[in-house]
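Only one structure is covered here, and it is reproduced in the block below.
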Amino acid sequence: MPMTERLKKFDRALLELISGILVFTILCQLVGLALPFDGRRFAFGLWSGGLVACILAVHMWKSLNKAFLCDEKTAAKIMSGGYLIRYFLTAAYLVLLFYTAAGYMLAGFLGVMGLKAGAYLQPVIHKYYNRLFHETDPVPQPLEEERSDVVEPEK
């Protein structure tokens, strides 16, 4: 099975978000090569933070999918509970990185912030995947009640 067929089986939004995280992490690694740091510690912090960002993205995707199937009150509880879990996972990761000194904590934070950067890169990544999959986005059409060209009869 070709790689494009495997990629099409993933949820498109999650695929684009994780791809954006990876692009951001690669760009940060390239910039980090020019900095006078211990390269191994910087890379470990950055890439482990990128991995945590990918895990957080999958958790967010699962939380959103679960919340969409519930009523408004339950969905709010699911989303706030998911937010707290992601917040504490991020904090635990950064504390672990600090106490083990395996990688730079700021590089780890930069890697986790790849989740935000991936969201901002999503429109660019979306266009790339549209070209890769030979797809186009549908042209938005107004709903029937939003059309201005429909003339209502006079009474």
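Residue numbering restarts at 1 for every chain of the structure tokens, chains are lettered A, B, ... in their displayed order, and ligands are numbered from 1 as they appear.
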May I have the residues within 6 Å of Gly49 in chain A as an MDAnalysis selection string, using only C-alpha atoms and disregarding those fewer than 4 positions away in the same chain? chainID A and resid 45 108 111:112
Preceding selection exported with C-alpha atoms as a short mmCIF file (atom, residue, chain, number, x, y, z; two decimals), in the first residue's frame:
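Everything below was put into part05.cif:
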data_model
loop_
_atom_site.label_atom_id
_atom_site.label_comp_id
_atom_site.auth_asym_id
_atom_site.auth_seq_id
_atom_site.Cartn_x
_atom_site.Cartn_y
_atom_site.Cartn_z
CA GLY A 45 14.77 18.48 24.95
CA GLY A 108 11.57 20.99 25.83
CA GLY A 111 9.07 21.44 21.55
CA VAL A 112 5.76 21.38 23.44
#
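Using only C-alpha atoms, the shortest contact distance between Leu115 in chain A and any of A:Val139, A:Ala53, A:Ala91, A:Ala13 is found at A:Ala53.
The closest residue to Leu110 in chain A, picked from A:Val95, A:Leu14, A:Leu89, A:Leu46 and counting only C-alpha atoms, is A:Leu46.
Shortest atom-to-atom contact with Trp47 in chain A among A:Gly114, A:Pro2, A:Gly81, A:Pro142: A:Gly114, counting only C-alpha atoms.
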Separation of CA of His59 in chain A from CA of Lys77 in chain A in Å: 15.1 Å
List as a list in words the protein and nucleic acid residues near Thr136 in chain A, meaning an atom at most 10 Å away when only C-alpha atoms are counted, but skip any in the same chain fewer than 6 places from it. Lys127, Tyr129 and Asn130 of chain A
How would the residues just chosen look if you wrote them out with C-alpha atoms as a PDB file, in the first residue's frame?
ATOM      1  CA  LYS A 127      -2.631  22.972   0.984  1.00  0.00           C
ATOM      2  CA  TYR A 129      -1.760  17.573   1.594  1.00  0.00           C
ATOM      3  CA  ASN A 130      -4.402  18.689  -0.903  1.00  0.00           C
TER       4      ASN A 130
END
Determine, for each residue of range 61-128 of chain A having at least one atom at most 6 Å from an atom of range 23-43 of chain A, the closest pair of atoms and their separation in Å to one decimal, counting only C-alpha atoms; order by chain and ascending number, as JSON lines.
{"residue": "A:Gly103", "atom": "CA", "partner": "A:Arg41", "partner_atom": "CA", "distance": 4.1}
{"residue": "A:Tyr104", "atom": "CA", "partner": "A:Phe42", "partner_atom": "CA", "distance": 5.4}
{"residue": "A:Ala107", "atom": "CA", "partner": "A:Phe42", "partner_atom": "CA", "distance": 5.8}
{"residue": "A:Gly114", "atom": "CA", "partner": "A:Phe24", "partner_atom": "CA", "distance": 6.0}
Once you have the residues from the selection above, write them out as a PDB file, in the first residue's frame, restricted to C-alpha atoms.
ATOM      1  CA  GLY A 103      17.792  17.938  27.987  1.00  0.00           C
ATOM      2  CA  TYR A 104      17.375  21.663  28.128  1.00  0.00           C
ATOM      3  CA  ALA A 107      14.156  23.407  24.438  1.00  0.00           C
ATOM      4  CA  GLY A 114       5.104  22.973  18.598  1.00  0.00           C
TER       5      GLY A 114
END
Which residues are close to His126 in chain A, i.e. within 12 Å by only C-alpha atoms, leaving aside same-chain residues fewer than 5 positions away? Reply as a PDB file with N, CA, C and O atoms, in the first residue's frame.
ATOM      1  N   ARG A  12      -7.837  13.773   8.952  1.00  0.00           N
ATOM      2  CA  ARG A  12      -7.097  14.801   8.214  1.00  0.00           C
ATOM      3  C   ARG A  12      -6.606  15.933   9.114  1.00  0.00           C
ATOM      4  O   ARG A  12      -5.473  16.380   8.995  1.00  0.00           O
ATOM      5  N   ALA A  13      -7.441  16.387  10.044  1.00  0.00           N
ATOM      6  CA  ALA A  13      -7.039  17.476  10.927  1.00  0.00           C
ATOM      7  C   ALA A  13      -5.887  17.051  11.833  1.00  0.00           C
ATOM      8  O   ALA A  13      -4.928  17.811  12.041  1.00  0.00           O
ATOM      9  N   LEU A  14      -5.947  15.840  12.359  1.00  0.00           N
ATOM     10  CA  LEU A  14      -4.875  15.343  13.228  1.00  0.00           C
ATOM     11  C   LEU A  14      -3.583  15.160  12.438  1.00  0.00           C
ATOM     12  O   LEU A  14      -2.505  15.516  12.914  1.00  0.00           O
ATOM     13  N   LEU A  15      -3.689  14.634  11.238  1.00  0.00           N
ATOM     14  CA  LEU A  15      -2.520  14.459  10.384  1.00  0.00           C
ATOM     15  C   LEU A  15      -1.849  15.798  10.102  1.00  0.00           C
ATOM     16  O   LEU A  15      -0.623  15.923  10.194  1.00  0.00           O
ATOM     17  N   GLU A  16      -2.642  16.804   9.780  1.00  0.00           N
ATOM     18  CA  GLU A  16      -2.087  18.118   9.483  1.00  0.00           C
ATOM     19  C   GLU A  16      -1.472  18.758  10.724  1.00  0.00           C
ATOM     20  O   GLU A  16      -0.429  19.414  10.640  1.00  0.00           O
ATOM     21  N   LEU A  17      -2.090  18.570  11.884  1.00  0.00           N
ATOM     22  CA  LEU A  17      -1.551  19.135  13.118  1.00  0.00           C
ATOM     23  C   LEU A  17      -0.216  18.478  13.480  1.00  0.00           C
ATOM     24  O   LEU A  17       0.760  19.168  13.800  1.00  0.00           O
ATOM     25  N   ILE A  18      -0.152  17.166  13.421  1.00  0.00           N
ATOM     26  CA  ILE A  18       1.095  16.465  13.747  1.00  0.00           C
ATOM     27  C   ILE A  18       2.179  16.802  12.727  1.00  0.00           C
ATOM     28  O   ILE A  18       3.350  16.966  13.087  1.00  0.00           O
ATOM     29  N   SER A  19       1.807  16.938  11.466  1.00  0.00           N
ATOM     30  CA  SER A  19       2.786  17.340  10.448  1.00  0.00           C
ATOM     31  C   SER A  19       3.323  18.733  10.739  1.00  0.00           C
ATOM     32  O   SER A  19       4.520  18.992  10.580  1.00  0.00           O
ATOM     33  N   GLY A  20       2.456  19.639  11.177  1.00  0.00           N
ATOM     34  CA  GLY A  20       2.898  20.983  11.542  1.00  0.00           C
ATOM     35  C   GLY A  20       3.842  20.964  12.731  1.00  0.00           C
ATOM     36  O   GLY A  20       4.824  21.717  12.770  1.00  0.00           O
ATOM     37  N   GLY A 118       2.041  24.160  15.242  1.00  0.00           N
ATOM     38  CA  GLY A 118       1.392  23.250  14.304  1.00  0.00           C
ATOM     39  C   GLY A 118      -0.007  23.717  13.938  1.00  0.00           C
ATOM     40  O   GLY A 118      -0.440  23.575  12.793  1.00  0.00           O
ATOM     41  N   ALA A 119      -0.704  24.302  14.916  1.00  0.00           N
ATOM     42  CA  ALA A 119      -2.038  24.834  14.626  1.00  0.00           C
ATOM     43  C   ALA A 119      -1.941  26.038  13.686  1.00  0.00           C
ATOM     44  O   ALA A 119      -2.777  26.199  12.793  1.00  0.00           O
ATOM     45  N   TYR A 120      -0.926  26.870  13.866  1.00  0.00           N
ATOM     46  CA  TYR A 120      -0.758  28.026  12.987  1.00  0.00           C
ATOM     47  C   TYR A 120      -0.279  27.619  11.590  1.00  0.00           C
ATOM     48  O   TYR A 120      -0.583  28.287  10.613  1.00  0.00           O
ATOM     49  N   LEU A 121       0.471  26.534  11.510  1.00  0.00           N
ATOM     50  CA  LEU A 121       0.958  26.053  10.217  1.00  0.00           C
ATOM     51  C   LEU A 121      -0.084  25.225   9.462  1.00  0.00           C
ATOM     52  O   LEU A 121       0.128  24.891   8.300  1.00  0.00           O
ATOM     53  N   ARG A 131      -2.480  18.941  -2.387  1.00  0.00           N
ATOM     54  CA  ARG A 131      -1.705  18.627  -3.594  1.00  0.00           C
ATOM     55  C   ARG A 131      -1.228  17.185  -3.587  1.00  0.00           C
ATOM     56  O   ARG A 131      -1.258  16.505  -4.608  1.00  0.00           O
ATOM     57  N   LEU A 132      -0.778  16.696  -2.434  1.00  0.00           N
ATOM     58  CA  LEU A 132      -0.275  15.330  -2.328  1.00  0.00           C
ATOM     59  C   LEU A 132      -1.363  14.309  -2.624  1.00  0.00           C
ATOM     60  O   LEU A 132      -1.134  13.316  -3.321  1.00  0.00           O
ATOM     61  N   PHE A 133      -2.581  14.552  -2.121  1.00  0.00           N
ATOM     62  CA  PHE A 133      -3.692  13.616  -2.298  1.00  0.00           C
ATOM     63  C   PHE A 133      -4.511  13.913  -3.545  1.00  0.00           C
ATOM     64  O   PHE A 133      -5.513  13.251  -3.793  1.00  0.00           O
ATOM     65  N   HIS A 134      -4.133  14.929  -4.319  1.00  0.00           N
ATOM     66  CA  HIS A 134      -4.869  15.331  -5.525  1.00  0.00           C
ATOM     67  C   HIS A 134      -6.324  15.654  -5.187  1.00  0.00           C
ATOM     68  O   HIS A 134      -7.258  15.147  -5.816  1.00  0.00           O
ATOM     69  N   GLU A 135      -6.508  16.488  -4.169  1.00  0.00           N
ATOM     70  CA  GLU A 135      -7.839  16.878  -3.727  1.00  0.00           C
ATOM     71  C   GLU A 135      -7.993  18.397  -3.806  1.00  0.00           C
ATOM     72  O   GLU A 135      -7.004  19.124  -3.853  1.00  0.00           O
ATOM     73  N   THR A 136      -9.212  18.841  -3.801  1.00  0.00           N
ATOM     74  CA  THR A 136      -9.502  20.267  -3.694  1.00  0.00           C
ATOM     75  C   THR A 136     -10.565  20.456  -2.627  1.00  0.00           C
ATOM     76  O   THR A 136     -11.381  19.561  -2.371  1.00  0.00           O
ATOM     77  N   ASP A 137     -10.549  21.622  -2.013  1.00  0.00           N
ATOM     78  CA  ASP A 137     -11.553  21.927  -1.008  1.00  0.00           C
ATOM     79  C   ASP A 137     -12.850  22.331  -1.697  1.00  0.00           C
ATOM     80  O   ASP A 137     -12.823  22.989  -2.738  1.00  0.00           O
TER      81      ASP A 137
END
Residue nearest Cys54 in chain A - candidates A:Ile21, A:Leu143, A:Leu97, A:Val124, atoms counted: only C-alpha atoms: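 Nearest to Cys54 in chain A: A:Ile21.
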Kindly give the distance, in Å, that separates CA of Asp11 in chain A and CA of Tyr93 in chain A, rounded to a single decimal.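 Interatomic distance, CA of Asp11 in chain A to CA of Tyr93 in chain A: 26.4 Å.
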